[in-house]
file final.tsv (TSV, C-alpha atoms)
chain	number	residue	atom	x	y	z
A	161	MET	CA	56.45	14.35	90.57
A	162	SER	CA	53.19	12.73	91.66
A	163	ASN	CA	49.80	14.20	90.93
A	164	ASP	CA	49.32	14.88	94.64
A	165	GLU	CA	52.36	17.21	94.84
A	166	PRO	CA	51.68	20.90	94.28
A	167	SER	CA	53.29	22.37	91.18
A	168	ILE	CA	56.02	24.98	91.52
A	169	SER	CA	53.93	27.50	89.58
A	170	SER	CA	51.08	27.16	92.08
A	171	THR	CA	53.24	27.67	95.16
A	172	HIS	CA	55.73	30.24	93.84
A	173	LYS	CA	54.23	33.08	91.88
A	174	ARG	CA	56.71	34.73	89.56
A	175	PRO	CA	56.86	38.49	90.20
A	176	LEU	CA	55.45	40.51	87.32
A	177	TYR	CA	58.68	42.51	87.19
A	178	GLU	CA	60.59	39.38	86.16
A	179	SER	CA	58.63	39.19	82.92
A	180	SER	CA	59.68	42.71	81.93
A	181	THR	CA	62.33	43.64	79.37
A	182	GLN	CA	64.03	45.63	82.12
A	183	PHE	CA	64.62	42.46	84.14
A	184	ARG	CA	65.67	40.42	81.12
A	185	ASN	CA	67.83	42.91	79.22
A	186	TRP	CA	68.91	45.78	81.45
A	187	ARG	CA	70.24	44.26	84.66
A	188	PHE	CA	73.95	43.67	85.19
A	189	SER	CA	76.51	42.96	87.84
A	190	PRO	CA	79.00	45.75	88.64
A	191	GLU	CA	81.68	43.69	86.89
A	192	GLN	CA	79.56	43.30	83.77
A	193	LEU	CA	78.92	47.04	83.61
A	194	SER	CA	82.63	47.78	83.97
A	195	ASP	CA	83.57	45.26	81.27
A	196	LEU	CA	80.86	46.53	78.92
A	197	ARG	CA	81.90	50.16	79.24
A	198	THR	CA	85.59	49.33	78.95
A	199	SER	CA	85.04	47.32	75.76
A	200	LEU	CA	82.86	50.07	74.24
A	201	ASN	CA	85.49	52.66	75.08
A	202	ALA	CA	88.34	50.56	73.64
A	203	ALA	CA	86.41	49.93	70.41
A	204	ALA	CA	85.63	53.64	70.00
A	205	VAL	CA	89.24	54.65	70.64
A	206	ASN	CA	90.43	52.13	68.05
A	207	VAL	CA	88.02	53.42	65.40
A	208	ILE	CA	88.83	57.08	66.07
A	209	ARG	CA	92.58	56.42	66.11
A	210	ASN	CA	92.39	54.64	62.75
A	211	THR	CA	90.28	57.46	61.28
A	212	LEU	CA	92.73	60.11	62.46
A	213	GLU	CA	95.68	58.13	61.14
A	214	GLY	CA	93.92	57.76	57.79
A	215	GLU	CA	93.58	61.53	57.51
A	216	LYS	CA	97.03	62.41	58.83
A	217	PRO	CA	99.53	59.72	59.88
A	218	GLY	CA	100.87	60.23	63.39
A	219	SER	CA	98.10	62.64	64.41
A	220	SER	CA	96.54	60.25	66.94
A	221	SER	CA	99.71	60.12	69.04
A	222	VAL	CA	99.03	63.57	70.48
A	223	VAL	CA	95.38	62.86	71.30
A	224	SER	CA	94.43	62.09	74.91
A	225	PHE	CA	91.45	59.77	74.57
A	226	LEU	CA	88.83	59.53	77.29
A	227	THR	CA	88.67	56.54	79.61
A	228	ALA	CA	85.45	54.68	80.38
A	229	ASP	CA	85.30	56.32	83.83
A	230	GLU	CA	85.71	59.78	82.31
A	231	GLU	CA	82.90	59.07	79.87
A	232	LEU	CA	80.69	58.04	82.79
A	233	LEU	CA	81.56	61.27	84.60
A	234	LEU	CA	80.29	63.33	81.66
A	235	VAL	CA	77.09	61.28	81.42
A	236	LYS	CA	76.54	61.83	85.13
A	237	LEU	CA	76.68	65.60	84.63
A	238	TYR	CA	73.95	65.44	81.99
A	239	ILE	CA	71.80	63.36	84.31
A	240	THR	CA	71.75	66.43	86.55
A	241	LYS	CA	70.78	68.54	83.52
A	242	ILE	CA	67.71	66.34	83.00
A	243	THR	CA	66.67	67.11	86.57
A	244	GLN	CA	67.10	70.84	85.95
A	245	LEU	CA	65.08	70.76	82.74
A	246	CYS	CA	62.30	68.74	84.37
A	247	GLY	CA	62.08	71.38	87.07
A	248	HIS	CA	61.93	74.09	84.41
A	249	PHE	CA	59.12	72.37	82.48
A	250	ARG	CA	57.46	71.07	85.67
A	251	PHE	CA	57.47	67.53	84.35
A	252	PRO	CA	56.25	64.81	86.74
A	253	GLU	CA	58.61	62.41	88.50
A	254	GLU	CA	57.90	59.70	85.93
A	255	VAL	CA	59.30	61.76	83.05
A	256	GLU	CA	62.51	62.63	84.88
A	257	ALA	CA	63.18	59.07	86.02
A	258	THR	CA	62.41	57.65	82.57
A	259	ALA	CA	64.66	60.12	80.73
A	260	ILE	CA	67.54	59.34	83.08
A	261	SER	CA	67.09	55.62	82.49
A	262	TYR	CA	67.09	56.19	78.73
A	263	LEU	CA	70.32	58.20	78.93
A	264	LYS	CA	72.07	55.51	80.97
A	265	ARG	CA	70.93	52.74	78.66
A	266	PHE	CA	72.02	54.66	75.56
A	267	TYR	CA	75.57	54.79	76.85
A	268	LEU	CA	75.62	51.06	77.37
A	269	LYS	CA	75.43	50.82	73.57
A	270	ASN	CA	77.35	53.96	72.55
A	271	THR	CA	80.16	56.20	73.75
A	272	VAL	CA	80.38	59.94	74.36
A	273	MET	CA	83.22	60.12	71.84
A	274	ASP	CA	80.68	59.22	69.16
A	275	TRP	CA	77.64	61.05	70.53
A	276	HIS	CA	77.93	63.99	72.93
A	277	PRO	CA	75.57	63.65	75.94
A	278	LYS	CA	74.08	67.12	75.49
A	279	ASN	CA	71.93	66.33	72.45
A	280	VAL	CA	71.37	62.74	73.53
A	281	MET	CA	70.05	64.05	76.86
A	282	LEU	CA	67.67	66.46	75.12
A	283	THR	CA	66.40	63.68	72.86
A	284	ALA	CA	66.04	61.19	75.74
A	285	LEU	CA	63.98	63.68	77.72
A	286	PHE	CA	61.74	64.54	74.77
A	287	LEU	CA	61.23	60.85	74.06
A	288	ALA	CA	60.37	60.25	77.73
A	289	THR	CA	57.60	62.86	77.59
A	290	LYS	CA	55.95	60.82	74.85
A	291	THR	CA	56.44	57.34	76.27
A	292	THR	CA	55.08	58.39	79.67
A	293	ASN	CA	52.06	60.09	78.10
A	294	ASN	CA	53.17	63.61	79.02
A	295	PRO	CA	53.73	65.01	75.51
A	296	LEU	CA	54.41	68.56	74.44
A	297	SER	CA	55.14	69.95	71.00
A	298	LEU	CA	58.70	69.91	69.70
A	299	GLU	CA	58.52	73.66	69.08
A	300	THR	CA	57.49	74.37	72.67
A	301	TYR	CA	60.21	72.08	73.95
A	302	THR	CA	63.09	73.51	71.93
A	303	THR	CA	61.94	77.13	72.22
A	304	HIS	CA	62.41	77.01	76.00
A	305	ILE	CA	65.92	75.55	75.80
A	306	PRO	CA	68.65	78.07	74.80
A	307	ARG	CA	70.62	77.36	71.62
A	308	THR	CA	68.49	74.33	70.74
A	309	ALA	CA	66.86	73.69	67.36
A	310	PRO	CA	64.23	71.03	66.60
A	311	SER	CA	66.80	69.19	64.49
A	312	ASP	CA	69.03	68.77	67.56
A	313	VAL	CA	66.32	66.52	68.99
A	314	LEU	CA	64.87	64.86	65.90
A	315	ASP	CA	68.19	63.91	64.32
A	316	LEU	CA	68.95	61.54	67.19
A	317	GLU	CA	65.46	60.30	68.07
A	318	PHE	CA	65.62	57.10	66.01
A	319	LEU	CA	69.18	56.37	67.13
A	320	VAL	CA	68.17	56.71	70.78
A	321	ALA	CA	65.08	54.53	70.32
A	322	GLN	CA	67.15	51.94	68.44
A	323	SER	CA	69.82	51.91	71.15
A	324	LEU	CA	67.08	51.24	73.71
A	325	GLY	CA	65.99	48.26	71.64
A	326	PHE	CA	62.63	50.08	71.37
A	327	GLU	CA	62.03	48.99	74.96
A	328	PHE	CA	60.49	52.09	76.48
A	329	ALA	CA	58.72	50.79	79.59
A	330	ILE	CA	60.66	51.44	82.79
A	331	TRP	CA	59.97	50.07	86.28
A	332	HIS	CA	60.91	52.83	88.72
A	333	ALA	CA	61.98	52.80	92.36
A	334	HIS	CA	59.83	55.81	93.25
A	335	ARG	CA	56.71	53.82	92.38
A	336	ALA	CA	57.86	50.89	94.52
A	337	LEU	CA	58.53	53.35	97.33
A	338	TRP	CA	54.99	54.71	97.13
A	339	GLY	CA	53.67	51.17	97.42
A	340	MET	CA	55.73	50.68	100.57
A	341	ILE	CA	54.35	53.90	102.03
A	342	LEU	CA	50.80	52.63	101.44
A	343	ASP	CA	51.73	49.39	103.24
A	344	ILE	CA	53.19	51.35	106.15
A	345	GLN	CA	49.90	53.20	106.59
A	346	ASN	CA	48.39	49.86	107.61
A	347	LEU	CA	51.04	49.03	110.20
A	348	PRO	CA	49.98	49.19	113.89
A	349	ASP	CA	52.41	52.00	114.73
A	350	SER	CA	52.12	53.87	111.46
A	351	PRO	CA	53.39	57.47	111.65
A	352	PRO	CA	50.70	60.14	111.22
A	353	ASP	CA	52.56	61.94	108.41
A	354	THR	CA	53.51	59.35	105.80
A	355	ARG	CA	53.69	62.01	103.11
A	356	SER	CA	56.75	63.60	104.69
A	357	LEU	CA	58.23	60.13	105.09
A	358	TYR	CA	57.75	59.53	101.38
A	359	GLU	CA	59.37	62.86	100.48
A	360	SER	CA	62.33	62.11	102.74
A	361	ALA	CA	62.88	58.67	101.23
A	362	LEU	CA	62.31	60.04	97.74
A	363	THR	CA	65.40	62.24	98.07
A	364	HIS	CA	67.46	59.05	98.36
A	365	VAL	CA	65.70	57.48	95.37
A	366	ARG	CA	66.59	60.58	93.37
A	367	ALA	CA	70.19	60.32	94.56
A	368	SER	CA	70.26	56.70	93.36
A	369	ARG	CA	69.62	57.93	89.82
A	370	LEU	CA	73.13	59.37	89.80
A	371	THR	CA	74.48	55.85	90.32
A	372	ASP	CA	74.29	52.48	88.57
A	373	ALA	CA	71.81	51.19	91.17
A	374	GLU	CA	68.91	50.72	88.74
A	375	LEU	CA	71.16	48.68	86.42
A	376	ILE	CA	72.13	46.32	89.25
A	377	TYR	CA	69.22	46.15	91.71
A	378	THR	CA	65.45	45.86	91.38
A	379	PRO	CA	63.18	48.89	91.93
A	380	SER	CA	61.88	47.44	95.21
A	381	GLN	CA	65.41	46.88	96.52
A	382	ILE	CA	66.32	50.49	95.78
A	383	ALA	CA	63.08	51.68	97.36
A	384	LEU	CA	63.74	49.65	100.52
A	385	ALA	CA	67.24	51.10	100.77
A	386	ALA	CA	65.85	54.63	100.40
A	387	LEU	CA	63.22	53.94	103.05
A	388	SER	CA	65.88	52.51	105.35
A	389	LEU	CA	68.01	55.63	104.95
A	390	ALA	CA	65.01	57.82	105.82
A	391	ALA	CA	63.49	55.67	108.59
A	392	PRO	CA	65.43	52.49	109.49
A	393	GLY	CA	62.88	51.34	112.07
A	394	LEU	CA	59.93	51.60	109.72
A	395	ALA	CA	61.90	49.85	106.97
A	396	SER	CA	62.52	46.95	109.33
A	397	GLN	CA	58.85	46.86	110.33
A	398	TRP	CA	57.78	46.85	106.71
A	399	SER	CA	60.17	43.99	105.92
A	400	SER	CA	58.85	41.93	108.82
A	401	SER	CA	55.21	42.50	107.82
A	402	LYS	CA	55.86	41.51	104.21
A	403	LEU	CA	57.73	38.34	105.18
A	404	GLN	CA	54.93	37.29	107.51
A	405	SER	CA	52.34	37.70	104.76
A	406	ASN	CA	54.49	35.97	102.14
A	407	SER	CA	55.46	32.41	102.98
A	408	ASN	CA	56.51	31.61	99.40
A	409	SER	CA	60.07	32.83	99.99
A	410	PRO	CA	61.36	30.93	103.04
A	411	ALA	CA	64.97	31.85	102.24
A	412	LEU	CA	64.21	35.53	102.79
A	413	THR	CA	64.60	36.91	106.30
A	414	VAL	CA	64.68	40.38	107.78
A	415	ASP	CA	68.45	40.04	108.09
A	416	THR	CA	68.93	39.14	104.43
A	417	LEU	CA	66.72	42.04	103.34
A	418	SER	CA	68.64	44.35	105.67
A	419	THR	CA	71.96	43.19	104.24
A	420	LEU	CA	70.74	43.72	100.69
A	421	ALA	CA	69.36	47.16	101.53
A	422	GLY	CA	72.67	48.00	103.16
A	423	ALA	CA	74.53	47.25	99.92
A	424	VAL	CA	72.23	49.57	97.98
A	425	GLU	CA	72.51	52.23	100.69
A	426	SER	CA	76.28	52.14	100.34
A	427	VAL	CA	76.01	52.79	96.59
A	428	ILE	CA	73.59	55.68	97.12
A	429	THR	CA	75.54	57.39	99.90
A	430	SER	CA	78.95	57.01	98.26
A	431	LEU	CA	78.08	57.73	94.61
A	432	GLY	CA	74.71	59.50	94.65
A	433	HIS	CA	76.01	63.04	94.29
A	434	PRO	CA	76.69	65.37	91.32
A	435	PRO	CA	80.16	65.18	89.75
A	436	ASP	CA	82.88	67.74	90.33
A	437	LEU	CA	82.34	70.49	87.73
A	438	GLU	CA	86.03	71.22	87.22
A	439	ALA	CA	86.74	67.56	86.53
A	440	VAL	CA	83.86	67.43	84.05
A	441	ARG	CA	85.04	70.61	82.27
A	442	GLU	CA	88.44	69.03	81.76
A	443	VAL	CA	86.85	65.88	80.33
A	444	ASP	CA	84.64	67.94	78.02
A	445	ARG	CA	87.64	69.99	76.85
A	446	ARG	CA	89.52	66.81	75.93
A	447	LEU	CA	86.42	65.39	74.26
A	448	LYS	CA	86.57	68.18	71.69
A	449	LEU	CA	89.96	66.83	70.62
A	450	CYS	CA	89.11	63.12	70.57
A	451	LYS	CA	85.55	63.11	69.24
A	452	ASN	CA	84.99	60.72	66.35
A	453	PRO	CA	85.63	62.79	63.17
A	454	GLU	CA	83.01	60.76	61.32
A	455	LYS	CA	80.36	62.26	63.63
A	456	ILE	CA	81.49	65.89	63.18
A	457	VAL	CA	79.34	67.50	60.50
A	458	GLY	CA	81.48	69.03	57.74
A	459	SER	CA	84.71	67.21	58.58
A	460	HIS	CA	86.64	65.33	55.89
A	461	ALA	CA	85.91	61.98	57.58
A	462	TYR	CA	82.22	62.85	57.92
A	463	LEU	CA	81.89	63.79	54.23
A	464	ALA	CA	83.80	60.69	53.16
A	465	LYS	CA	81.56	58.43	55.23
A	466	LYS	CA	78.42	60.13	53.93
A	467	ALA	CA	79.67	59.71	50.35
A	468	GLU	CA	80.32	56.02	50.97
A	469	GLU	CA	76.86	55.55	52.51
A	470	GLU	CA	75.24	57.36	49.58
A	471	LYS	CA	77.15	55.20	47.10
A	472	LYS	CA	75.93	52.03	48.82
A	473	ALA	CA	72.39	53.38	48.95
A	474	GLU	CA	72.50	54.23	45.23
A	475	GLU	CA	73.75	50.74	44.38
A	476	LYS	CA	70.93	49.26	46.42
A	477	ARG	CA	68.37	51.47	44.67
A	478	SER	CA	69.77	50.54	41.25
A	479	LYS	CA	69.60	46.85	42.08
A	480	LYS	CA	65.97	47.16	43.18
A	481	ALA	CA	65.12	49.13	40.05
A	482	SER	CA	66.69	46.45	37.84
A	483	GLU	CA	64.76	43.72	39.62
A	484	ALA	CA	61.55	45.72	39.28
A	485	MET	CA	62.11	46.10	35.50
A	486	VAL	CA	62.58	42.35	35.12
A	487	ASP	CA	59.42	41.66	37.09
A	488	ALA	CA	57.47	44.20	35.03
A	489	SER	CA	58.54	42.66	31.70
A	490	ASP	CA	57.69	39.15	32.86
A	491	PRO	CA	54.88	39.51	35.45
A	492	PHE	CA	54.16	35.79	35.58
A	493	GLN	CA	57.86	34.80	35.45
A	494	LEU	CA	57.18	32.52	32.46
A	495	SER	CA	60.72	32.97	31.16
A	496	ASP	CA	62.22	30.91	33.99
A	497	THR	CA	63.61	27.59	32.91
A	498	GLY	CA	61.10	24.90	33.54
A	499	ALA	CA	58.33	27.38	34.35
A	500	ARG	CA	54.83	26.24	33.57
A	501	GLY	CA	52.08	28.33	32.07
A	502	LEU	CA	48.96	29.46	33.84
A	503	VAL	CA	47.10	26.51	32.27
A	504	ASP	CA	48.61	23.03	32.22
A	505	TYR	CA	47.49	21.67	28.87
A	506	ASP	CA	49.19	18.34	29.57
A	507	ASP	CA	46.98	17.65	32.52
A	508	ASP	CA	44.96	14.53	31.73
A	509	ASP	CA	42.40	15.22	34.45
call {"tool": "encode", "arguments": {"input": "final.tsv", "output": "structure tokens"}}
result
Amino acid sequence: MSNDEPSISSTHKRPLYESSTQFRNWRFSPEQLSDLRTSLNAAAVNVIRNTLEGEKPGSSSVVSFLTADEELLLVKLYITKITQLCGHFRFPEEVEATAISYLKRFYLKNTVMDWHPKNVMLTALFLATKTTNNPLSLETYTTHIPRTAPSDVLDLEFLVAQSLGFEFAIWHAHRALWGMILDIQNLPDSPPDTRSLYESALTHVRASRLTDAELIYTPSQIALAALSLAAPGLASQWSSSKLQSNSNSPALTVDTLSTLAGAVESVITSLGHPPDLEAVREVDRRLKLCKNPEKIVGSHAYLAKKAEEEKKAEEKRSKKASEAMVDASDPFQLSDTGARGLVDYDDDD
């Protein structure tokens, strides 16, 4: 490249979103999501089957394990529970959207046969109140949720945070949608009531949270699809205005944006609805029979695993104590072979 040629960085600005952990670590193709969930499910089934067989040979043959799709169905139900709780506590949109993202991400690292979505959902929501700067006390939170103790939330908080990779910042479609609404206000034929337009499109953004859209598409793509579902003409106008003002992406056209929005729209309209309650009840009933025994407090497998963990922890503590005693008896480590004293009396200088 000659010095007279413009650099790529000067002509093509990288979107800020592409530097986020969400873009780098939490975006997948539909095939990748399916493979990931299937492999997690298979691994969990294998562990649980071996644990059951270890306790009572032949017992796993009568157990009907959940499939990856059935696990997803149960998670989807508890996404709707987050919405209900946010309405009860009057949490802002940011808290609800963040908690839902946390719940989805958790189950890309874990399965419902290990951790039931009920307590994970409660923990994800409580964590979201803190990471979005909308905190409330744990006592206030659990007091207003029937049959919930503070330990139900705290016991899983580190596990949830760890499963998220301690990556708490979420880029949301509802924020991208609001930005589009502000742009539309500057269009020549802008509608007088953009607030109602936003509310109409927001219903589709909320529906998208019941799907995998945020794990596949960018927030702006989801927002454009929601806007297109609410007002197709205005969505097209917005696309045209943005392309005219942005010449750095010559490959993008109104048609390509429309096609992309159409793909997201299809996901929202076909999958963005609550699950069938009877189907979920059946899955939850079977989950009681195939839950990992090592996660059931008081079970033989749980006690055995805890005893093994305590034994390893004790061995580790003993090893550290032994090392500390050696260090205390020889603070300068002069007993090591070949070790020199603090003063080198052989130094000729």
call {"tool": "atom_distance", "arguments": {"input": "final.tsv", "atom1": "CA of Asn294 (chain A)", "atom2": "CA of Leu232 (chain A)"}}
result
28.3 Å
call {"tool": "residues_around", "arguments": {"input": "final.tsv", "residues": "Leu226 (chain A)", "least_positions_apart": "6", "cutoff": "8 Å", "atoms": "only C-alpha atoms", "output": "short mmCIF file (atom, residue, chain, number, x, y, z; two decimals) with C-alpha atoms, keeping the file's coordinate frame"}}
result
data_model
loop_
_atom_site.label_atom_id
_atom_site.label_comp_id
_atom_site.auth_asym_id
_atom_site.auth_seq_id
_atom_site.Cartn_x
_atom_site.Cartn_y
_atom_site.Cartn_z
CA ASN A 201 85.49 52.66 75.08
CA MET A 273 83.22 60.12 71.84
CA VAL A 443 86.85 65.88 80.33
CA ARG A 446 89.52 66.81 75.93
CA LEU A 447 86.42 65.39 74.26
CA CYS A 450 89.11 63.12 70.57
#
call {"tool": "residues_around", "arguments": {"input": "final.tsv", "residues": "region 334-337 of chain A", "least_positions_apart": "6", "cutoff": "10 Å", "atoms": "only C-alpha atoms", "output": "PyMOL selection string"}}
result
chain A and resi 253-254+257+343+358+361-366+378-387
call {"tool": "closest_residue", "arguments": {"input": "final.tsv", "among": "A:Thr303, A:Gln404, A:Ser199, A:Ser220", "to": "Lys451 (chain A)", "atoms": "all atoms listed in the file"}}
result
A:Ser220
call {"tool": "residues_near_point", "arguments": {"input": "final.tsv", "point": "(66.8, 45.8, 80.4)", "cutoff": "9 Å", "atoms": "all atoms listed in the file", "output": "PDB file with C-alpha atoms, keeping the file's coordinate frame"}}
result
ATOM      1  CA  SER A 180      59.680  42.710  81.930  1.00  0.00           C
ATOM      2  CA  THR A 181      62.330  43.640  79.370  1.00  0.00           C
ATOM      3  CA  GLN A 182      64.030  45.630  82.120  1.00  0.00           C
ATOM      4  CA  PHE A 183      64.620  42.460  84.140  1.00  0.00           C
ATOM      5  CA  ARG A 184      65.670  40.420  81.120  1.00  0.00           C
ATOM      6  CA  ASN A 185      67.830  42.910  79.220  1.00  0.00           C
ATOM      7  CA  TRP A 186      68.910  45.780  81.450  1.00  0.00           C
ATOM      8  CA  ARG A 187      70.240  44.260  84.660  1.00  0.00           C
ATOM      9  CA  PHE A 188      73.950  43.670  85.190  1.00  0.00           C
ATOM     10  CA  ARG A 265      70.930  52.740  78.660  1.00  0.00           C
ATOM     11  CA  LEU A 324      67.080  51.240  73.710  1.00  0.00           C
ATOM     12  CA  GLU A 327      62.030  48.990  74.960  1.00  0.00           C
ATOM     13  CA  ILE A 330      60.660  51.440  82.790  1.00  0.00           C
ATOM     14  CA  LEU A 375      71.160  48.680  86.420  1.00  0.00           C
TER      15      LEU A 375
END
call {"tool": "residues_near_point", "arguments": {"input": "final.tsv", "point": "(62.8, 58.4, 70.0)", "cutoff": "8 Å", "atoms": "only C-alpha atoms", "output": "ChimeraX atom specification"}}
result
/A:283-284,286-287,314,316-322
call {"tool": "closest_residue", "arguments": {"input": "final.tsv", "among": "A:Glu213, A:Glu442, A:Glu256, A:Glu231", "to": "Gln244 (chain A)", "atoms": "all atoms listed in the file"}}
result
A:Glu256
call {"tool": "closest_residue", "arguments": {"input": "final.tsv", "among": "A:Asp195, A:Lys479, A:Ser399, A:Ser297", "to": "Pro310 (chain A)", "atoms": "all atoms listed in the file"}}
result
A:Ser297
call {"tool": "atom_distance", "arguments": {"input": "final.tsv", "atom1": "CA of Thr271 (chain A)", "atom2": "CA of Lys236 (chain A)"}}
result
13.2 Å
call {"tool": "atom_distance", "arguments": {"input": "final.tsv", "atom1": "CA of Thr371 (chain A)", "atom2": "CA of Gly432 (chain A)"}}
result
5.7 Å
call {"tool": "closest_residue", "arguments": {"input": "final.tsv", "among": "A:Phe225, A:Tyr301, A:Tyr267, A:Phe326", "to": "Thr289 (chain A)", "atoms": "only C-alpha atoms"}}
result
A:Tyr301
call {"tool": "closest_atom_pairs", "arguments": {"input": "final.tsv", "of": "region 337-378 of chain A", "to": "region 414-426 of chain A", "cutoff": "10 Å", "atoms": "all atoms listed in the file", "output": "tab-separated table"}}
result
residue	atom	partner	partner_atom	distance
A:His364	CA	A:Glu425	CA	8.8
A:Ser368	CA	A:Val424	CA	8.7
A:Ala373	CA	A:Val424	CA	7.0
A:Glu374	CA	A:Val424	CA	9.9
A:Ile376	CA	A:Val424	CA	9.3
A:Tyr377	CA	A:Val424	CA	7.8
call {"tool": "closest_residue", "arguments": {"input": "final.tsv", "among": "A:Ala202, A:Leu370, A:Leu403, A:Leu357", "to": "Leu263 (chain A)", "atoms": "all atoms listed in the file"}}
result
A:Leu370
call {"tool": "build_atoms", "arguments": {"input": "final.tsv", "residues": "region 328-344 of chain A", "atoms": "N, CA, C and O atoms", "output": "short mmCIF file (atom, residue, chain, number, x, y, z; two decimals), in the coordinates of the input"}}
result
data_model
loop_
_atom_site.label_atom_id
_atom_site.label_comp_id
_atom_site.auth_asym_id
_atom_site.auth_seq_id
_atom_site.Cartn_x
_atom_site.Cartn_y
_atom_site.Cartn_z
N PHE A 328 60.70 50.80 75.85
CA PHE A 328 60.49 52.09 76.48
C PHE A 328 59.92 52.02 77.90
O PHE A 328 60.00 53.00 78.63
N ALA A 329 59.34 50.91 78.26
CA ALA A 329 58.72 50.79 79.59
C ALA A 329 59.79 50.65 80.66
O ALA A 329 60.71 49.83 80.54
N ILE A 330 59.69 51.47 81.70
CA ILE A 330 60.66 51.44 82.79
C ILE A 330 59.93 51.20 84.12
O ILE A 330 58.90 51.82 84.39
N TRP A 331 60.47 50.30 84.93
CA TRP A 331 59.97 50.07 86.28
C TRP A 331 60.82 50.92 87.23
O TRP A 331 62.03 50.73 87.32
N HIS A 332 60.17 51.85 87.93
CA HIS A 332 60.91 52.83 88.72
C HIS A 332 60.84 52.57 90.23
O HIS A 332 59.83 52.07 90.74
N ALA A 333 61.91 52.97 90.90
CA ALA A 333 61.98 52.80 92.36
C ALA A 333 61.01 53.72 93.09
O ALA A 333 60.52 53.37 94.17
N HIS A 334 60.73 54.90 92.53
CA HIS A 334 59.83 55.81 93.25
C HIS A 334 58.40 55.25 93.31
O HIS A 334 57.67 55.54 94.25
N ARG A 335 58.02 54.44 92.33
CA ARG A 335 56.71 53.82 92.38
C ARG A 335 56.68 52.71 93.43
O ARG A 335 55.69 52.54 94.15
N ALA A 336 57.77 51.94 93.49
CA ALA A 336 57.86 50.89 94.52
C ALA A 336 57.85 51.51 95.91
O ALA A 336 57.23 50.98 96.84
N LEU A 337 58.50 52.66 96.04
CA LEU A 337 58.53 53.35 97.33
C LEU A 337 57.13 53.78 97.75
O LEU A 337 56.75 53.63 98.93
N TRP A 338 56.35 54.29 96.80
CA TRP A 338 54.99 54.71 97.13
C TRP A 338 54.16 53.52 97.60
O TRP A 338 53.34 53.63 98.52
N GLY A 339 54.37 52.37 96.98
CA GLY A 339 53.67 51.17 97.42
C GLY A 339 54.03 50.80 98.85
O GLY A 339 53.16 50.38 99.64
N MET A 340 55.30 50.96 99.20
CA MET A 340 55.73 50.68 100.57
C MET A 340 55.08 51.65 101.56
O MET A 340 54.70 51.26 102.66
N ILE A 341 54.97 52.90 101.16
CA ILE A 341 54.35 53.90 102.03
C ILE A 341 52.89 53.53 102.29
O ILE A 341 52.38 53.66 103.41
N LEU A 342 52.20 53.06 101.26
CA LEU A 342 50.80 52.63 101.44
C LEU A 342 50.73 51.45 102.39
O LEU A 342 49.81 51.35 103.22
N ASP A 343 51.69 50.53 102.31
CA ASP A 343 51.73 49.39 103.24
C ASP A 343 51.96 49.87 104.67
O ASP A 343 51.34 49.37 105.62
N ILE A 344 52.85 50.83 104.82
CA ILE A 344 53.19 51.35 106.15
C ILE A 344 51.99 52.00 106.82
O ILE A 344 51.83 51.95 108.05
#
